[in-house]
file input34.cif (mmCIF, C-alpha atoms)
data_final
#
loop_
_atom_site.label_atom_id
_atom_site.label_comp_id
_atom_site.auth_asym_id
_atom_site.auth_seq_id
_atom_site.Cartn_x
_atom_site.Cartn_y
_atom_site.Cartn_z
CA MET A 812 168.60 192.34 133.57
CA THR A 813 170.25 188.95 133.11
CA ALA A 814 173.20 187.74 135.17
CA SER A 815 175.52 188.23 132.21
CA ALA A 816 174.60 191.89 131.56
CA PRO A 817 177.43 193.33 133.70
CA LEU A 818 179.91 191.01 131.99
CA ARG A 819 178.67 192.09 128.57
CA THR A 820 179.04 195.74 129.54
CA ALA A 821 182.53 195.13 130.92
CA LEU A 822 183.59 193.38 127.71
CA ALA A 823 182.11 196.19 125.58
CA ASP A 824 183.92 198.76 127.75
CA ALA A 825 187.24 196.96 127.30
CA LEU A 826 186.78 196.66 123.52
CA THR A 827 185.83 200.34 123.30
CA GLU A 828 188.87 201.40 125.30
CA ASP A 829 191.28 199.41 123.13
CA GLY A 830 189.77 200.84 119.93
CA THR A 831 188.03 197.69 118.69
CA LEU A 832 184.51 199.09 119.07
CA ALA A 833 184.63 202.39 117.23
CA ASP A 834 181.00 202.33 116.04
CA PRO A 835 178.32 202.90 118.73
CA ALA A 836 175.86 200.71 116.80
CA TRP A 837 178.18 197.72 117.09
CA ARG A 838 178.79 198.47 120.76
CA ASP A 839 175.02 198.29 121.24
CA ALA A 840 175.08 194.86 119.60
CA ALA A 841 177.93 193.69 121.83
CA GLU A 842 176.00 194.72 124.93
CA ALA A 843 172.70 193.25 123.73
CA VAL A 844 173.69 189.76 122.55
CA PRO A 845 174.13 187.21 125.36
CA ARG A 846 177.09 185.10 124.21
CA GLU A 847 176.34 182.42 126.81
CA LEU A 848 173.24 181.34 124.88
CA PHE A 849 175.58 180.27 122.07
CA LEU A 850 178.04 178.52 124.37
CA GLY A 851 176.21 176.13 126.68
CA SER A 852 179.52 174.29 126.84
CA TYR A 853 182.93 174.57 125.23
CA PHE A 854 186.38 173.03 125.24
CA ALA A 855 189.22 174.60 127.23
CA PRO A 856 192.76 173.68 126.12
CA VAL A 857 194.92 171.91 128.68
CA PRO A 858 198.03 174.08 129.19
CA ASP A 859 201.32 172.71 127.84
CA SER A 860 199.71 169.56 126.41
CA ALA A 861 201.21 168.18 123.19
CA PRO A 862 199.31 167.39 121.11
CA THR A 863 196.81 169.85 122.54
CA SER A 864 194.16 168.18 124.67
CA TYR A 865 190.89 169.74 125.80
CA LEU A 866 188.64 169.62 128.83
CA PRO A 867 184.90 170.30 128.47
CA VAL A 868 183.50 173.28 130.40
CA HIS A 869 179.74 173.03 130.96
CA GLN A 870 177.06 175.56 131.82
CA GLY A 871 176.88 176.27 135.54
CA GLU A 872 180.37 175.04 136.33
CA ASP A 873 182.84 177.32 138.10
CA GLY A 874 184.37 179.73 135.62
CA TRP A 875 181.98 178.88 132.78
CA LEU A 876 180.30 182.29 132.47
CA GLU A 877 183.53 184.21 133.08
CA GLY A 878 185.14 182.16 130.31
CA VAL A 879 182.30 183.02 127.94
CA TYR A 880 183.01 186.73 128.43
CA THR A 881 186.76 186.45 128.11
CA ASP A 882 187.94 187.79 124.78
CA ARG A 883 189.09 184.48 123.35
CA THR A 884 188.06 181.86 120.82
CA LEU A 885 186.17 178.97 122.40
CA VAL A 886 186.29 175.60 120.65
CA THR A 887 182.90 173.87 120.37
CA GLN A 888 183.66 170.87 118.15
CA LEU A 889 186.62 168.56 117.46
CA ASP A 890 187.24 166.41 114.38
CA GLY A 891 183.89 167.36 112.85
CA ARG A 892 181.90 165.30 115.36
CA VAL A 893 183.01 165.55 119.03
CA ARG A 894 181.18 168.17 121.08
CA PRO A 895 181.78 169.03 124.76
CA GLY A 896 178.68 167.12 125.87
CA ASP A 897 180.14 163.95 124.34
CA VAL A 898 183.08 163.94 126.78
CA THR A 899 182.07 162.53 130.14
CA ASP A 900 185.44 161.71 131.67
CA GLY A 901 188.82 163.43 131.43
CA SER A 902 190.31 165.25 128.47
CA VAL A 903 190.19 164.58 124.75
CA THR A 904 192.45 165.37 121.79
CA GLY A 905 191.43 166.39 118.29
CA ASP A 906 191.49 169.09 115.66
CA PRO A 907 189.09 172.02 116.22
CA THR A 908 186.41 172.14 113.52
CA SER A 909 183.95 174.65 114.98
CA SER A 910 184.29 177.46 117.47
CA SER A 911 182.99 180.76 118.74
CA THR A 912 185.55 183.29 117.55
CA LEU A 913 186.86 185.80 120.05
CA PRO A 914 184.40 188.72 120.26
CA SER A 915 186.98 191.40 119.46
CA LEU A 916 187.75 189.78 116.10
CA VAL A 917 184.09 189.23 115.21
CA LEU A 918 183.17 192.81 116.02
CA ARG A 919 186.23 194.23 114.29
CA MET A 920 185.39 192.28 111.12
CA TRP A 921 181.77 193.44 111.10
CA GLN A 922 183.09 197.01 111.20
CA GLN A 923 185.76 196.33 108.55
CA LEU A 924 183.02 195.06 106.25
CA GLU A 925 181.79 198.68 106.03
CA VAL A 926 178.19 197.50 106.11
CA GLU A 927 175.39 200.04 106.39
CA ALA A 928 171.79 199.80 107.56
CA GLY A 929 169.49 198.66 104.77
CA GLN A 930 172.08 196.54 102.97
CA TRP A 931 171.69 192.83 102.27
CA VAL A 932 174.41 190.65 103.84
CA LEU A 933 175.45 187.03 103.33
CA GLU A 934 177.44 185.42 106.16
CA VAL A 935 179.36 182.24 105.33
CA GLY A 936 179.91 180.16 108.45
CA THR A 937 177.14 180.46 111.04
CA GLY A 938 179.12 178.49 113.64
CA THR A 939 177.61 178.93 117.07
CA GLY A 940 175.45 181.79 115.77
CA TYR A 941 177.02 184.50 117.97
CA SER A 942 178.38 186.49 115.03
CA THR A 943 175.06 186.00 113.24
CA ALA A 944 173.20 187.41 116.24
CA LEU A 945 175.44 190.48 116.29
CA GLY A 946 174.72 191.05 112.59
CA ALA A 947 170.99 190.52 113.02
CA HIS A 948 170.88 192.96 115.93
CA ARG A 949 172.65 195.64 113.93
CA LEU A 950 171.02 195.11 110.52
CA GLY A 951 167.69 193.43 111.24
CA ASP A 952 166.72 189.80 110.76
CA ASP A 953 165.37 190.34 107.27
CA ARG A 954 168.66 191.71 105.94
CA LEU A 955 170.92 188.80 106.93
CA THR A 956 171.31 185.28 105.53
CA SER A 957 173.81 182.90 107.14
CA VAL A 958 175.05 179.59 105.70
CA GLU A 959 176.48 176.74 107.79
CA TYR A 960 178.15 173.65 106.32
CA ASP A 961 177.65 171.29 109.29
CA PRO A 962 173.98 170.39 109.91
CA VAL A 963 174.55 169.57 113.59
CA VAL A 964 176.25 172.92 114.15
CA GLY A 965 173.53 174.64 112.12
CA ARG A 966 170.71 173.18 114.23
CA ALA A 967 172.41 174.23 117.46
CA ALA A 968 172.93 177.76 116.10
CA ALA A 969 169.29 178.00 115.04
CA SER A 970 168.12 177.06 118.54
CA ALA A 971 170.48 179.55 120.17
CA LEU A 972 169.41 182.37 117.85
CA GLU A 973 165.76 181.69 118.59
CA ALA A 974 166.47 181.70 122.33
CA ALA A 975 168.26 185.03 121.96
CA GLY A 976 165.29 186.51 120.07
CA TYR A 977 166.78 186.69 116.56
CA ALA A 978 165.41 185.17 113.35
CA PRO A 979 167.73 185.75 110.38
CA ARG A 980 167.42 183.44 107.40
CA LEU A 981 169.54 180.33 108.02
CA VAL A 982 170.74 177.86 105.39
CA VAL A 983 172.55 174.55 105.86
CA GLY A 984 174.79 173.82 102.89
CA ASP A 985 178.13 174.51 101.28
CA GLY A 986 178.76 178.20 101.92
CA LEU A 987 181.41 178.25 99.18
CA ARG A 988 178.47 178.04 96.77
CA GLY A 989 176.94 181.07 98.43
CA ASP A 990 173.20 181.27 98.92
CA PRO A 991 171.60 178.44 96.91
CA ASP A 992 168.47 180.52 96.34
CA ALA A 993 170.18 183.78 95.42
CA GLY A 994 170.30 185.20 91.95
CA PRO A 995 173.09 187.34 90.51
CA SER A 996 173.94 190.55 92.36
CA THR A 997 171.72 189.77 95.36
CA TYR A 998 173.97 190.92 98.20
CA ASP A 999 175.67 194.17 99.11
CA ARG A 1000 178.15 192.52 101.47
CA LEU A 1001 179.57 189.06 102.18
CA ILE A 1002 181.47 188.16 105.35
CA ALA A 1003 183.15 184.78 105.89
CA THR A 1004 183.96 183.32 109.29
CA CYS A 1005 185.97 180.50 107.74
CA SER A 1006 189.07 180.75 105.56
CA VAL A 1007 189.40 179.72 101.92
CA ARG A 1008 192.25 178.91 99.53
CA TYR A 1009 190.76 181.15 96.84
CA ILE A 1010 187.66 183.31 96.36
CA PRO A 1011 184.72 181.05 95.41
CA PRO A 1012 183.30 182.14 92.03
CA ALA A 1013 179.70 182.01 93.32
CA TRP A 1014 180.47 184.81 95.76
CA LEU A 1015 181.71 187.01 92.95
CA HIS A 1016 178.39 186.67 91.14
CA GLN A 1017 176.03 186.90 94.12
CA VAL A 1018 177.59 190.13 95.43
CA LYS A 1019 176.64 193.26 93.49
CA PRO A 1020 179.24 195.27 91.56
CA GLY A 1021 180.52 197.79 94.08
CA GLY A 1022 179.71 195.39 96.93
CA LYS A 1023 182.35 194.10 99.32
CA ILE A 1024 183.65 190.70 100.41
CA LEU A 1025 185.59 190.25 103.65
CA VAL A 1026 187.36 186.90 103.86
CA THR A 1027 190.49 185.25 105.23
CA LEU A 1028 192.74 183.62 102.62
CA SER A 1029 194.55 180.59 103.97
CA GLY A 1030 195.98 177.26 102.80
CA TRP A 1031 197.40 173.91 103.71
CA SER A 1032 200.34 175.47 105.56
CA TYR A 1033 197.80 177.41 107.69
CA ALA A 1034 199.20 180.86 106.97
CA SER A 1035 196.44 183.48 106.76
CA GLY A 1036 195.64 186.97 105.56
CA LEU A 1037 192.39 188.96 105.83
CA ALA A 1038 191.30 190.62 102.58
CA LEU A 1039 188.63 193.19 101.82
CA LEU A 1040 187.61 193.04 98.16
CA THR A 1041 185.32 195.19 96.06
CA VAL A 1042 183.41 193.38 93.33
CA THR A 1043 184.11 195.13 90.03
CA GLY A 1044 181.80 193.05 87.85
CA PRO A 1045 180.37 189.55 87.57
CA GLY A 1046 183.17 187.17 88.54
CA ALA A 1047 185.72 189.92 89.16
CA ALA A 1048 187.04 191.83 92.17
CA THR A 1049 190.05 193.65 93.53
CA GLY A 1050 191.14 194.43 97.06
CA ARG A 1051 193.80 194.78 99.70
CA PHE A 1052 194.85 192.76 102.71
CA LEU A 1053 194.21 194.36 106.08
CA PRO A 1054 196.55 194.99 109.02
CA GLY A 1055 196.67 192.64 111.96
CA TYR A 1056 196.71 188.90 112.46
CA THR A 1057 193.49 187.14 111.53
CA SER A 1058 193.06 183.39 111.14
CA PHE A 1059 190.06 181.08 110.84
CA MET A 1060 189.54 177.36 110.40
CA ILE A 1061 189.66 176.53 106.73
CA ALA A 1062 186.35 175.74 105.00
CA ARG A 1063 186.01 171.97 104.94
CA PRO A 1064 185.75 171.67 101.12
CA HIS A 1065 189.06 173.57 100.91
CA ASP A 1066 190.83 171.63 103.67
CA ARG A 1067 193.86 169.46 102.97
CA PRO A 1068 193.19 165.93 101.68
CA PRO A 1069 193.77 162.81 103.79
CA ARG A 1070 197.39 161.73 103.68
CA PRO A 1071 199.62 159.00 105.06
CA THR A 1072 202.22 159.46 107.75
CA LEU A 1073 205.13 161.51 106.47
CA ALA A 1074 208.31 159.56 105.74
CA LEU A 1075 211.32 161.79 105.11
CA LEU A 1076 213.22 160.41 102.12
CA PRO A 1077 216.67 161.14 100.67
CA GLY A 1078 217.07 163.76 97.98
CA ASP A 1079 219.33 166.42 96.52
CA GLU A 1080 221.15 168.57 99.07
CA ARG A 1081 222.42 172.14 98.67
CA PRO A 1082 222.91 175.27 100.80
CA SER A 1083 219.79 177.34 101.45
CA ARG A 1084 219.87 180.97 100.35
CA ILE A 1085 217.40 182.04 103.07
CA ASP A 1086 217.18 181.51 106.80
CA PRO A 1087 214.42 178.87 107.25
CA VAL A 1088 213.34 180.59 110.48
CA VAL A 1089 211.60 183.23 108.35
CA LEU A 1090 208.88 180.69 107.54
CA GLY A 1091 207.88 180.76 111.19
CA THR A 1092 207.02 184.47 111.01
CA TRP A 1093 203.48 185.57 110.17
CA THR A 1094 204.18 187.11 106.78
CA GLY A 1095 207.16 184.93 105.89
CA GLY A 1096 204.99 181.84 106.26
CA TRP A 1097 202.28 183.54 104.19
CA VAL A 1098 204.71 184.23 101.34
CA ALA A 1099 205.96 180.64 101.46
CA GLN A 1100 202.40 179.36 101.20
CA LEU A 1101 201.71 181.60 98.20
CA ALA A 1102 204.77 180.12 96.49
CA ALA A 1103 203.92 176.49 97.27
CA PRO A 1104 200.14 176.39 97.80
CA ALA A 1105 199.80 172.60 97.59
CA ALA A 1106 202.43 171.98 100.28
CA GLU A 1107 201.96 171.49 104.00
CA ARG A 1108 204.53 173.09 106.28
CA MET A 1109 205.81 171.27 109.33
CA GLY A 1110 208.83 171.57 111.56
CA ALA A 1111 210.02 174.67 113.37
CA GLY A 1112 212.89 177.11 113.52
CA PRO A 1113 215.77 176.18 111.20
CA GLU A 1114 214.33 172.69 110.66
CA GLN A 1115 211.44 173.27 108.28
CA VAL A 1116 209.63 170.54 106.33
CA LEU A 1117 207.49 171.05 103.23
CA TRP A 1118 205.45 168.18 101.79
CA ASP A 1119 203.25 168.13 98.69
CA VAL A 1120 201.17 164.97 99.04
CA SER A 1121 199.80 165.07 95.50
CA THR A 1122 203.23 164.88 93.87
CA GLY A 1123 205.27 163.34 96.68
CA SER A 1124 207.60 166.34 96.63
CA GLN A 1125 209.49 167.12 99.83
CA ALA A 1126 211.91 169.69 101.17
CA ARG A 1127 213.58 169.82 104.57
CA THR A 1128 216.11 172.21 106.02
CA ALA A 1129 218.71 171.96 108.76
CA PRO A 1130 221.52 174.07 110.22
CA GLY A 1131 224.64 173.79 108.11
CA PRO A 1132 228.14 172.99 109.33
CA ASP A 1133 229.45 176.54 108.84
CA GLY A 1134 226.64 178.60 110.34
CA GLY A 1135 224.33 178.54 107.32
CA TRP A 1136 221.56 176.12 106.41
CA THR A 1137 221.14 173.17 104.08
CA VAL A 1138 218.07 171.95 102.24
CA VAL A 1139 217.28 168.48 100.91
CA GLN A 1140 214.70 168.31 98.11
CA ARG A 1141 213.11 165.47 96.16
CA GLY A 1142 210.19 165.01 93.80
CA PRO A 1143 208.98 166.77 90.64
CA LEU A 1144 208.40 170.08 92.46
CA ARG A 1145 211.43 171.79 93.95
CA LEU A 1146 209.43 173.26 96.80
CA TRP A 1147 212.29 175.07 98.50
CA ASP A 1148 213.37 176.65 95.22
CA ARG A 1149 209.91 178.19 94.90
CA VAL A 1150 209.75 179.31 98.52
CA GLU A 1151 213.28 180.68 98.43
CA THR A 1152 212.57 182.77 95.34
CA ALA A 1153 209.34 184.15 96.78
CA VAL A 1154 210.85 185.02 100.16
CA ARG A 1155 213.79 186.82 98.52
CA LEU A 1156 211.41 188.86 96.35
CA TRP A 1157 209.41 189.79 99.46
CA GLN A 1158 212.61 190.71 101.29
CA ALA A 1159 213.73 192.85 98.36
CA ALA A 1160 210.38 194.69 98.61
CA GLY A 1161 211.17 195.59 102.22
CA GLU A 1162 209.38 192.67 103.92
CA PRO A 1163 205.97 194.39 104.06
CA HIS A 1164 203.31 193.04 106.39
CA GLN A 1165 200.13 191.90 104.69
CA GLU A 1166 198.64 195.37 104.33
CA GLY A 1167 201.32 195.78 101.65
CA PHE A 1168 199.66 193.03 99.59
CA GLY A 1169 196.65 193.16 97.29
CA ILE A 1170 194.53 190.73 95.29
CA THR A 1171 193.01 190.83 91.83
CA VAL A 1172 190.36 188.32 90.78
CA THR A 1173 189.16 187.69 87.22
CA ALA A 1174 187.43 184.77 85.53
CA ALA A 1175 190.84 183.57 84.35
CA ARG A 1176 192.96 183.84 87.51
CA GLN A 1177 193.24 185.02 91.10
CA ARG A 1178 196.51 186.76 91.85
CA VAL A 1179 198.00 188.09 95.11
CA TRP A 1180 200.60 190.81 94.62
CA ILE A 1181 202.93 193.11 96.54
CA GLY A 1182 202.58 196.88 96.23
CA SER A 1183 200.61 197.22 93.00
CA GLU A 1184 198.81 195.00 90.51
CA ASP A 1185 201.82 194.92 88.21
CA GLY A 1186 204.16 194.05 91.07
CA THR A 1187 205.55 190.72 92.20
CA GLY A 1188 202.74 188.21 92.62
CA TRP A 1189 201.54 184.63 92.83
CA ASP A 1190 198.45 182.87 91.52
CA LEU A 1191 196.07 181.26 93.99
CA PRO A 1192 195.26 177.55 93.46
CA VAL A 1193 191.86 177.95 91.79
#

call {"tool": "encode", "arguments": {"input": "input34.cif", "output": "structure tokens"}}
result
Amino acid sequence: MTASAPLRTALADALTEDGTLADPAWRDAAEAVPRELFLGSYFAPVPDSAPTSYLPVHQGEDGWLEGVYTDRTLVTQLDGRVRPGDVTDGSVTGDPTSSSTLPSLVLRMWQQLEVEAGQWVLEVGTGTGYSTALGAHRLGDDRLTSVEYDPVVGRAAASALEAAGYAPRLVVGDGLRGDPDAGPSTYDRLIATCSVRYIPPAWLHQVKPGGKILVTLSGWSYASGLALLTVTGPGAATGRFLPGYTSFMIARPHDRPPRPTLALLPGDERPSRIDPVVLGTWTGGWVAQLAAPAAERMGAGPEQVLWDVSTGSQARTAPGPDGGWTVVQRGPLRLWDRVETAVRLWQAAGEPHQEGFGITVTAARQRVWIGSEDGTGWDLPV
């Protein structure tokens, strides 16, 4: 028995008690896979730092192993290049680009995928390899292929998987293209541990009709929704968004483009017909992103800022003099007009959480809708 075995059992007990681990086979995986082999070191956020700064936590240090078995996401790379071992003195700032997702979310998603023994599974986003190890333990090495975009991350994951005793097929490449060696209808299931702006067409051809895809839809405003789709034919699928609050780092090919520092410029002012605070809510921000998918959202509370770099369009809100709100817009896209219309349609539908939304994918378009396929909807930026 390794030193971490009691911690693994304690974590599995806690996730069973809160309802996360409903399948005994996945509980077995949670107890069997030593997460510490995939997290020799990680970054811990410095409380109340702005922008967020991180301190490296290394193997053997006080609190390292306990942190590994805390149900939280642990950042393992910043800015696509900085790893904990690179930081020798003090803290560092940067944008997280790789991590080990909190175990409860990983295990919940494996169960939501509705995967069964004997099925072929493609995982997009190997990351540290912890999720891959869980899948390999449950399904068998020969049934799982995992694709990682970053070669440095991929090599580290391969070493950790070997140390843990697992040998699934590993590929380094663009996971949005699926498995480069797969033919049509190769896989029964696809699970993504990164988010995407739209469903990559390759996935819709490599997964068999009747097969399932579990993926987080996100965008440049970083609102997210987890969708479970069933492939209905080559290049086509339909599905629903799931309850809860799931977010992942966006796949690098889908990430926002480089942009200059924002300069707020004058424009046309009018009263806003919605409270801008709604964009700070989980589903309100999601609806706004659907309406303006090329915009980034900044600001907070009543002072929201939307910026579409490609067109130079801007919108910014502020409290009005009489208790309402004003919006200033400029550029060819009236971003707030689009967001306002979408939010009011969502409010008229009763402000459903994301399980009230669905998605339909065809070769011609990808559409997210409320209630039913013929309901209010928005096209994804394919």

call {"tool": "resolve_selection", "arguments": {"input": "input34.cif", "expression": "the PyMOL selection byres ((chain A and resi 929) around 10)", "output": "VMD selection string"}}
result
chain A and resid 926 to 928 930 to 932 950 to 951 953 to 954 999

call {"tool": "resolve_selection", "arguments": {"input": "input34.cif", "expression": "the PyMOL selection byres ((chain A and resi 1007) around 6)", "output": "mmCIF file with C-alpha atoms, in the frame of the given file"}}
result
data_model
loop_
_atom_site.group_PDB
_atom_site.id
_atom_site.type_symbol
_atom_site.label_atom_id
_atom_site.label_comp_id
_atom_site.auth_asym_id
_atom_site.auth_seq_id
_atom_site.Cartn_x
_atom_site.Cartn_y
_atom_site.Cartn_z
ATOM 1 C CA SER A 1006 189.070 180.750 105.560
ATOM 2 C CA ARG A 1008 192.250 178.910 99.530
ATOM 3 C CA TYR A 1009 190.760 181.150 96.840
ATOM 4 C CA LEU A 1028 192.740 183.620 102.620
ATOM 5 C CA SER A 1029 194.550 180.590 103.970
ATOM 6 C CA ILE A 1061 189.660 176.530 106.730
ATOM 7 C CA ALA A 1062 186.350 175.740 105.000
#

call {"tool": "residues_around", "arguments": {"input": "input34.cif", "residues": "segment 1167-1172 of chain A", "least_positions_apart": "4", "cutoff": "6 Å", "atoms": "all atoms listed in the file", "output": "JSON, numbers by chain"}}
result
{"A": [1047, 1048, 1049, 1050, 1051, 1052, 1163, 1177, 1178, 1179, 1180, 1181, 1182]}

call {"tool": "resolve_selection", "arguments": {"input": "input34.cif", "expression": "the PyMOL selection byres ((chain A and resi 850) around 9)", "output": "list in words"}}
result
Arg846, Glu847, Leu848, Phe849, Gly851, Ser852, Tyr853, His869, Gln870, Val879, Leu885, Thr887, Ser911, Thr939, Tyr941 and Ala971 of chain A

call {"tool": "residues_around", "arguments": {"input": "input34.cif", "residues": "Ala843 of chain A", "least_positions_apart": "4", "cutoff": "9 Å", "atoms": "only C-alpha atoms", "output": "ChimeraX atom specification"}}
result
/A:816,819-820,838-839,945,948

call {"tool": "write_last_selection", "arguments": {"input": "input34.cif", "atoms": "C-alpha atoms", "output": "short mmCIF file (atom, residue, chain, number, x, y, z; two decimals), keeping the file's coordinate frame"}}
result
data_model
loop_
_atom_site.label_atom_id
_atom_site.label_comp_id
_atom_site.auth_asym_id
_atom_site.auth_seq_id
_atom_site.Cartn_x
_atom_site.Cartn_y
_atom_site.Cartn_z
CA ALA A 816 174.60 191.89 131.56
CA ARG A 819 178.67 192.09 128.57
CA THR A 820 179.04 195.74 129.54
CA ARG A 838 178.79 198.47 120.76
CA ASP A 839 175.02 198.29 121.24
CA LEU A 945 175.44 190.48 116.29
CA HIS A 948 170.88 192.96 115.93
#

call {"tool": "atom_distance", "arguments": {"input": "input34.cif", "atom1": "atom CA of Ala978 of chain A", "atom2": "atom CA of Ser910 of chain A"}}
result
20.8 Å

call {"tool": "residues_around", "arguments": {"input": "input34.cif", "residues": "Val1139 of chain A", "least_positions_apart": "3", "cutoff": "6 Å", "atoms": "only C-alpha atoms", "output": "ChimeraX atom specification"}}
result
/A:1078-1080,1126-1127

call {"tool": "residues_around", "arguments": {"input": "input34.cif", "residues": "Pro1132 of chain A", "least_positions_apart": "4", "cutoff": "12 Å", "atoms": "only C-alpha atoms", "output": "PyMOL selection string"}}
result
chain A and resi 1082+1136-1137

call {"tool": "decode", "arguments": {"input": "input34.cif", "residues": "segment 1054-1127 of chain A", "atoms": "C-alpha atoms", "output": "PDB file, in the first residue's frame"}}
result
ATOM      1  CA  PRO A1054     -26.944  20.758 -15.301  1.00  0.00           C
ATOM      2  CA  GLY A1055     -24.191  22.254 -13.213  1.00  0.00           C
ATOM      3  CA  TYR A1056     -21.286  24.582 -13.793  1.00  0.00           C
ATOM      4  CA  THR A1057     -18.506  23.142 -15.940  1.00  0.00           C
ATOM      5  CA  SER A1058     -15.655  25.125 -17.470  1.00  0.00           C
ATOM      6  CA  PHE A1059     -12.365  24.192 -19.123  1.00  0.00           C
ATOM      7  CA  MET A1060      -9.501  26.080 -20.713  1.00  0.00           C
ATOM      8  CA  ILE A1061     -10.332  26.745 -24.327  1.00  0.00           C
ATOM      9  CA  ALA A1062      -8.520  24.650 -26.956  1.00  0.00           C
ATOM     10  CA  ARG A1063      -5.577  26.706 -28.166  1.00  0.00           C
ATOM     11  CA  PRO A1064      -6.630  26.743 -31.856  1.00  0.00           C
ATOM     12  CA  HIS A1065      -9.981  28.189 -30.712  1.00  0.00           C
ATOM     13  CA  ASP A1066      -8.534  30.736 -28.278  1.00  0.00           C
ATOM     14  CA  ARG A1067      -8.918  34.464 -28.815  1.00  0.00           C
ATOM     15  CA  PRO A1068      -6.425  36.127 -31.174  1.00  0.00           C
ATOM     16  CA  PRO A1069      -3.677  38.478 -29.964  1.00  0.00           C
ATOM     17  CA  ARG A1070      -4.981  41.992 -29.502  1.00  0.00           C
ATOM     18  CA  PRO A1071      -3.731  45.409 -28.466  1.00  0.00           C
ATOM     19  CA  THR A1072      -4.538  47.131 -25.206  1.00  0.00           C
ATOM     20  CA  LEU A1073      -8.178  48.184 -25.115  1.00  0.00           C
ATOM     21  CA  ALA A1074      -8.814  51.899 -25.578  1.00  0.00           C
ATOM     22  CA  LEU A1075     -12.398  52.912 -24.808  1.00  0.00           C
ATOM     23  CA  LEU A1076     -13.575  55.298 -27.522  1.00  0.00           C
ATOM     24  CA  PRO A1077     -16.609  57.584 -27.826  1.00  0.00           C
ATOM     25  CA  GLY A1078     -19.762  56.335 -29.485  1.00  0.00           C
ATOM     26  CA  ASP A1079     -23.545  56.497 -29.536  1.00  0.00           C
ATOM     27  CA  GLU A1080     -25.207  56.563 -26.115  1.00  0.00           C
ATOM     28  CA  ARG A1081     -28.694  55.372 -25.169  1.00  0.00           C
ATOM     29  CA  PRO A1082     -30.481  53.793 -22.184  1.00  0.00           C
ATOM     30  CA  SER A1083     -29.989  50.055 -21.745  1.00  0.00           C
ATOM     31  CA  ARG A1084     -33.107  47.886 -21.713  1.00  0.00           C
ATOM     32  CA  ILE A1085     -31.482  45.248 -19.477  1.00  0.00           C
ATOM     33  CA  ASP A1086     -29.576  45.337 -16.220  1.00  0.00           C
ATOM     34  CA  PRO A1087     -25.907  44.790 -17.223  1.00  0.00           C
ATOM     35  CA  VAL A1088     -25.357  42.831 -13.998  1.00  0.00           C
ATOM     36  CA  VAL A1089     -27.097  39.860 -15.644  1.00  0.00           C
ATOM     37  CA  LEU A1090     -23.988  39.299 -17.771  1.00  0.00           C
ATOM     38  CA  GLY A1091     -22.118  38.415 -14.599  1.00  0.00           C
ATOM     39  CA  THR A1092     -24.417  35.452 -13.926  1.00  0.00           C
ATOM     40  CA  TRP A1093     -23.532  31.995 -15.238  1.00  0.00           C
ATOM     41  CA  THR A1094     -26.321  31.650 -17.785  1.00  0.00           C
ATOM     42  CA  GLY A1095     -26.738  35.357 -18.511  1.00  0.00           C
ATOM     43  CA  GLY A1096     -23.103  35.543 -19.568  1.00  0.00           C
ATOM     44  CA  TRP A1097     -23.588  32.397 -21.658  1.00  0.00           C
ATOM     45  CA  VAL A1098     -26.531  33.929 -23.514  1.00  0.00           C
ATOM     46  CA  ALA A1099     -24.556  37.125 -24.134  1.00  0.00           C
ATOM     47  CA  GLN A1100     -21.695  35.110 -25.589  1.00  0.00           C
ATOM     48  CA  LEU A1101     -24.060  33.237 -27.900  1.00  0.00           C
ATOM     49  CA  ALA A1102     -25.353  36.581 -29.170  1.00  0.00           C
ATOM     50  CA  ALA A1103     -21.914  38.137 -29.683  1.00  0.00           C
ATOM     51  CA  PRO A1104     -19.497  35.221 -30.135  1.00  0.00           C
ATOM     52  CA  ALA A1105     -16.597  37.288 -31.486  1.00  0.00           C
ATOM     53  CA  ALA A1106     -16.633  39.703 -28.535  1.00  0.00           C
ATOM     54  CA  GLU A1107     -14.623  39.573 -25.338  1.00  0.00           C
ATOM     55  CA  ARG A1108     -16.412  40.579 -22.142  1.00  0.00           C
ATOM     56  CA  MET A1109     -14.663  42.663 -19.521  1.00  0.00           C
ATOM     57  CA  GLY A1110     -15.769  44.815 -16.642  1.00  0.00           C
ATOM     58  CA  ALA A1111     -18.042  43.818 -13.795  1.00  0.00           C
ATOM     59  CA  GLY A1112     -21.418  44.571 -12.267  1.00  0.00           C
ATOM     60  CA  PRO A1113     -23.224  47.445 -13.994  1.00  0.00           C
ATOM     61  CA  GLU A1114     -20.044  48.472 -15.840  1.00  0.00           C
ATOM     62  CA  GLN A1115     -19.716  45.881 -18.575  1.00  0.00           C
ATOM     63  CA  VAL A1116     -17.409  46.165 -21.596  1.00  0.00           C
ATOM     64  CA  LEU A1117     -17.722  44.213 -24.845  1.00  0.00           C
ATOM     65  CA  TRP A1118     -15.002  44.398 -27.484  1.00  0.00           C
ATOM     66  CA  ASP A1119     -14.861  42.745 -30.903  1.00  0.00           C
ATOM     67  CA  VAL A1120     -11.229  43.053 -31.977  1.00  0.00           C
ATOM     68  CA  SER A1121     -11.850  41.961 -35.570  1.00  0.00           C
ATOM     69  CA  THR A1122     -14.257  44.805 -36.305  1.00  0.00           C
ATOM     70  CA  GLY A1123     -13.242  47.323 -33.646  1.00  0.00           C
ATOM     71  CA  SER A1124     -16.784  47.307 -32.282  1.00  0.00           C
ATOM     72  CA  GLN A1125     -17.241  48.262 -28.635  1.00  0.00           C
ATOM     73  CA  ALA A1126     -20.009  48.564 -26.078  1.00  0.00           C
ATOM     74  CA  ARG A1127     -19.776  49.742 -22.482  1.00  0.00           C
TER      75      ARG A1127
END
